[in-house]
Amino acid sequence: MRYDLDDLRLFLHIVTEGSITAGAHRMHLSLPSASARVRSLEHHAGVALLIRGRRGVRPTPAGTTLARHARDVLDRTARLESAVASYIRPPAAPLILLAGGSAMHRLVPQALISFLRAHPDTDVTASESRTSQTERKLADGEADLGVVLDDEAGSCGLRMEPLGDDSLVVIGQAGGILAGRTALTYREAAEHPLVGLDADSSLRGWIEKHLGPHAPAVRHRTTVTDLGVLISLAAAGAGLAVVPRRAIDPRQSLEVCELQERWARRHHLLAWGVTDRSTSTATATLAEHLRKAAQSEPSDRSAHRKNFGRLPFHDC
């Protein structure tokens, strides 16, 4: 036995209001049309559903049972329609987030995990990009947020704010040639076999730009595309590596030495695009998740956070 959903809605309104006239009004039906639908329901059920009186109507025992099940059917139908609508509703364009290779290793994934869990209706496209390219896309309205390096940020008129330390260090196998050392120069590190990133990586390009034409000759035992793989190779003794300190998992056993060059001390900035969405709640929320991810560094990096906290908010 099947019932029309509109007829069930009408019947519930009539029972709730205690009046066929009032129920018809809530369904935007005429009284004769509503009365005809009720008679059709009763004919379909084969039993009287309403007791009619001068002061209105009230349900029979069969009508009470029908009303109870009608509420359940309509509630389930509403939940079903809502669930399906979430798939057929045109999705909003994803937020565009750009960041360098260092930030894409730990900072951005950590922020995305918390953001996407908390906001299932908002998508994010995250891509690796060098600072100059990120600034251009932000200024051209092709991206919403970017993580850039402070020493490469240009006079682009973008809103920027300090985000976190991204200084470089030299790492090697625990108990290896770096044991007992706290700091060394890049030239000293280059006296030993290294493992590095591929030539087209943003971090490799950044290091080579700062080394300049008089860079020491380096023997790379291998180059890889992934920063996590690079750190694992160095920890396993394949060679020394120059990596951002915050990219290191504090649970990983390896030697870590400061890199003494001034250019090794760098910081991340959070840059905002000029799109209409740059002022949206979703963009602001994603920015807050990036801030929290940047602040969740291990305690042994507190000095970097303290010094960085004194950097002023500025427009680049």
# chains A, B, ... in the order shown; residues from 1 in each chain; ligands from 1

call {"tool": "residues_around", "arguments": {"residues": "segment 128-142 of chain A", "least_positions_apart": "5", "cutoff": "6 Å", "atoms": "only C-alpha atoms", "output": "ChimeraX atom specification"}}
result
/A:98-101,148,202,273-275

call {"tool": "residues_around", "arguments": {"residues": "segment 246-260 of chain A", "least_positions_apart": "5", "cutoff": "8 Å", "atoms": "only C-alpha atoms", "output": "number ranges by chain"}}
result
A: 102, 105-106, 165-176, 178-179, 181-186, 227-228, 231, 235, 297-298

call {"tool": "residues_around", "arguments": {"residues": "segment 6-19 of chain A", "least_positions_apart": "6", "cutoff": "7 Å", "atoms": "only C-alpha atoms", "output": "number ranges by chain"}}
result
A: 27, 37, 56-59, 67, 70

call {"tool": "select_by_dssp", "arguments": {"residues": "segment 158-204 of chain A", "states": "alpha helix (DSSP H)", "output": "number ranges by chain"}}
result
A: 186-189, 202-204

call {"tool": "closest_residue", "arguments": {"among": "A:Leu97, A:Met104, A:Arg266, A:Arg204", "to": "Ala143 of chain A", "atoms": "only C-alpha atoms"}}
result
A:Leu97

call {"tool": "closest_residue", "arguments": {"among": "A:Pro244, A:Arg2, A:Val195, A:His268", "to": "Ser232 of chain A", "atoms": "only C-alpha atoms"}}
result
A:Val195

call {"tool": "closest_residue", "arguments": {"among": "A:Arg76, A:Arg26, A:Arg55, A:His220", "to": "Leu5 of chain A", "atoms": "only C-alpha atoms"}}
result
A:Arg76

call {"tool": "residues_around", "arguments": {"residues": "Leu194 of chain A", "least_positions_apart": "2", "cutoff": "8 Å", "atoms": "only C-alpha atoms", "output": "JSON, numbers by chain"}}
result
{"A": [189, 190, 192, 196, 218, 219, 220, 221, 222, 238, 239, 240, 241]}

call {"tool": "write_last_selection", "arguments": {"atoms": "C-alpha atoms", "output": "CSV table (one decimal), in the first residue's frame"}}
result
chain,number,residue,atom,x,y,z
A,189,ALA,CA,79.3,20.3,4.9
A,190,ALA,CA,80.2,20.1,1.2
A,192,HIS,CA,81.4,15.3,2.7
A,196,GLY,CA,69.9,16.5,-2.1
A,218,VAL,CA,79.4,19.1,-4.2
A,219,ARG,CA,79.2,15.4,-4.6
A,220,HIS,CA,75.5,14.4,-4.5
A,221,ARG,CA,75.3,10.6,-4.0
A,222,THR,CA,71.7,10.9,-5.1
A,238,ALA,CA,73.6,7.9,2.8
A,239,GLY,CA,75.1,11.4,3.1
A,240,LEU,CA,74.6,14.8,4.8
A,241,ALA,CA,71.6,17.0,3.8

call {"tool": "select_by_dssp", "arguments": {"residues": "segment 55-252 of chain A", "states": "strand (DSSP E)", "output": "ChimeraX atom specification"}}
result
/A:56-59,95-99,124-128,145-149,159-165,168-173,183-184,194-197,220-224,241-244

call {"tool": "write_last_selection", "arguments": {"atoms": "N, CA and C atoms", "output": "compact mmCIF listing (two decimals), in the first residue's frame"}}
result
# COMPACT_ATOMS: atom_id res chain seq x y z
N GLY A 56 -14.31 20.77 14.82
CA GLY A 56 -13.11 20.36 14.11
C GLY A 56 -13.05 18.86 13.94
N VAL A 57 -11.81 18.36 13.83
CA VAL A 57 -11.63 16.92 13.62
C VAL A 57 -10.57 16.41 14.59
N ARG A 58 -10.64 15.10 14.83
CA ARG A 58 -9.59 14.45 15.60
C ARG A 58 -9.38 13.06 15.00
N PRO A 59 -8.16 12.52 15.13
CA PRO A 59 -7.88 11.25 14.46
C PRO A 59 -8.51 10.07 15.18
N LEU A 95 39.47 26.68 -2.67
CA LEU A 95 40.47 27.69 -2.32
C LEU A 95 41.81 27.27 -2.92
N ILE A 96 42.59 28.23 -3.37
CA ILE A 96 43.89 27.96 -3.97
C ILE A 96 44.99 28.38 -2.98
N LEU A 97 45.80 27.41 -2.56
CA LEU A 97 46.90 27.65 -1.62
C LEU A 97 48.21 27.28 -2.30
N LEU A 98 49.17 28.19 -2.28
CA LEU A 98 50.49 27.95 -2.88
C LEU A 98 51.55 28.03 -1.79
N ALA A 99 52.57 27.19 -1.89
CA ALA A 99 53.63 27.18 -0.89
C ALA A 99 54.89 26.56 -1.48
N VAL A 124 40.18 22.52 -1.07
CA VAL A 124 41.41 23.30 -1.19
C VAL A 124 42.32 22.64 -2.23
N THR A 125 42.84 23.45 -3.14
CA THR A 125 43.87 22.99 -4.07
C THR A 125 45.20 23.56 -3.61
N ALA A 126 46.11 22.70 -3.17
CA ALA A 126 47.41 23.12 -2.67
C ALA A 126 48.49 22.69 -3.65
N SER A 127 49.36 23.63 -4.04
CA SER A 127 50.40 23.34 -5.02
C SER A 127 51.72 23.94 -4.58
N GLU A 128 52.83 23.27 -4.97
CA GLU A 128 54.16 23.80 -4.67
C GLU A 128 54.49 24.92 -5.64
N LEU A 145 45.73 32.20 -0.99
CA LEU A 145 46.72 32.29 0.07
C LEU A 145 48.04 31.71 -0.42
N GLY A 146 49.14 32.19 0.17
CA GLY A 146 50.44 31.65 -0.18
C GLY A 146 51.37 31.68 1.03
N VAL A 147 52.28 30.72 1.08
CA VAL A 147 53.34 30.71 2.09
C VAL A 147 54.63 31.02 1.35
N VAL A 148 55.26 32.16 1.68
CA VAL A 148 56.44 32.62 0.96
C VAL A 148 57.58 32.85 1.94
N LEU A 149 58.78 33.05 1.40
CA LEU A 149 59.97 33.30 2.22
C LEU A 149 60.21 34.78 2.39
N ARG A 159 49.16 41.85 1.17
CA ARG A 159 49.12 41.77 2.63
C ARG A 159 49.90 40.54 3.07
N MET A 160 50.81 40.73 4.02
CA MET A 160 51.60 39.61 4.53
C MET A 160 51.70 39.69 6.05
N GLU A 161 51.96 38.53 6.66
CA GLU A 161 52.14 38.48 8.10
C GLU A 161 53.14 37.37 8.44
N PRO A 162 53.88 37.51 9.53
CA PRO A 162 54.82 36.45 9.95
C PRO A 162 54.08 35.15 10.22
N LEU A 163 54.71 34.05 9.82
CA LEU A 163 54.07 32.74 10.01
C LEU A 163 54.92 31.80 10.85
N GLY A 164 56.21 31.67 10.57
CA GLY A 164 57.01 30.74 11.36
C GLY A 164 58.43 30.65 10.86
N ASP A 165 59.29 30.07 11.69
CA ASP A 165 60.71 29.88 11.35
C ASP A 165 60.87 28.81 10.28
N LEU A 168 67.51 26.80 7.88
CA LEU A 168 68.10 25.58 7.35
C LEU A 168 69.15 25.03 8.30
N VAL A 169 69.27 23.72 8.34
CA VAL A 169 70.25 23.03 9.16
C VAL A 169 70.89 21.92 8.33
N VAL A 170 71.99 21.37 8.85
CA VAL A 170 72.63 20.22 8.23
C VAL A 170 72.31 19.00 9.08
N ILE A 171 71.90 17.92 8.45
CA ILE A 171 71.55 16.72 9.21
C ILE A 171 72.36 15.53 8.70
N GLY A 172 72.55 14.56 9.57
CA GLY A 172 73.27 13.34 9.21
C GLY A 172 72.90 12.22 10.15
N GLN A 173 73.48 11.07 9.93
CA GLN A 173 73.17 9.87 10.71
C GLN A 173 73.55 10.08 12.18
N ALA A 183 77.40 23.38 14.96
CA ALA A 183 77.23 24.28 13.82
C ALA A 183 78.39 24.07 12.85
N LEU A 184 78.14 24.37 11.59
CA LEU A 184 79.19 24.32 10.58
C LEU A 184 78.74 25.13 9.37
N LEU A 194 76.93 14.38 -0.04
CA LEU A 194 75.61 14.89 0.31
C LEU A 194 74.52 14.11 -0.42
N VAL A 195 73.33 14.19 0.12
CA VAL A 195 72.13 13.80 -0.61
C VAL A 195 71.30 15.07 -0.73
N GLY A 196 70.63 15.24 -1.86
CA GLY A 196 69.93 16.50 -2.08
C GLY A 196 68.63 16.32 -2.84
N LEU A 197 67.98 17.45 -3.06
CA LEU A 197 66.73 17.46 -3.83
C LEU A 197 67.04 17.65 -5.31
N HIS A 220 76.84 14.88 -4.91
CA HIS A 220 75.53 14.37 -4.51
C HIS A 220 75.47 12.87 -4.79
N ARG A 221 75.35 12.09 -3.76
CA ARG A 221 75.26 10.65 -3.95
C ARG A 221 73.96 10.28 -4.65
N THR A 222 72.92 11.06 -4.39
CA THR A 222 71.66 10.90 -5.08
C THR A 222 70.83 12.14 -4.87
N THR A 223 69.87 12.36 -5.73
CA THR A 223 68.91 13.45 -5.56
C THR A 223 67.50 12.86 -5.65
N VAL A 224 66.59 13.43 -4.90
CA VAL A 224 65.22 12.91 -4.83
C VAL A 224 64.24 14.07 -4.95
N ALA A 241 72.67 16.24 4.54
CA ALA A 241 71.64 16.96 3.78
C ALA A 241 71.38 18.30 4.44
N VAL A 242 71.05 19.29 3.62
CA VAL A 242 70.65 20.60 4.10
C VAL A 242 69.13 20.69 3.96
N VAL A 243 68.45 20.86 5.09
CA VAL A 243 66.99 20.85 5.09
C VAL A 243 66.47 21.91 6.06
N PRO A 244 65.22 22.31 5.93
CA PRO A 244 64.62 23.20 6.94
C PRO A 244 64.47 22.46 8.27

call {"tool": "atom_distance", "arguments": {"atom1": "atom CA of Ala62 of chain A", "atom2": "atom CA of Leu49 of chain A"}}
result
5.8 Å

call {"tool": "atom_distance", "arguments": {"atom1": "atom CA of Ala93 of chain A", "atom2": "atom CA of Arg277 of chain A"}}
result
10.0 Å

call {"tool": "atom_distance", "arguments": {"atom1": "atom CA of Ala92 of chain A", "atom2": "atom CA of Thr77 of chain A"}}
result
25.6 Å
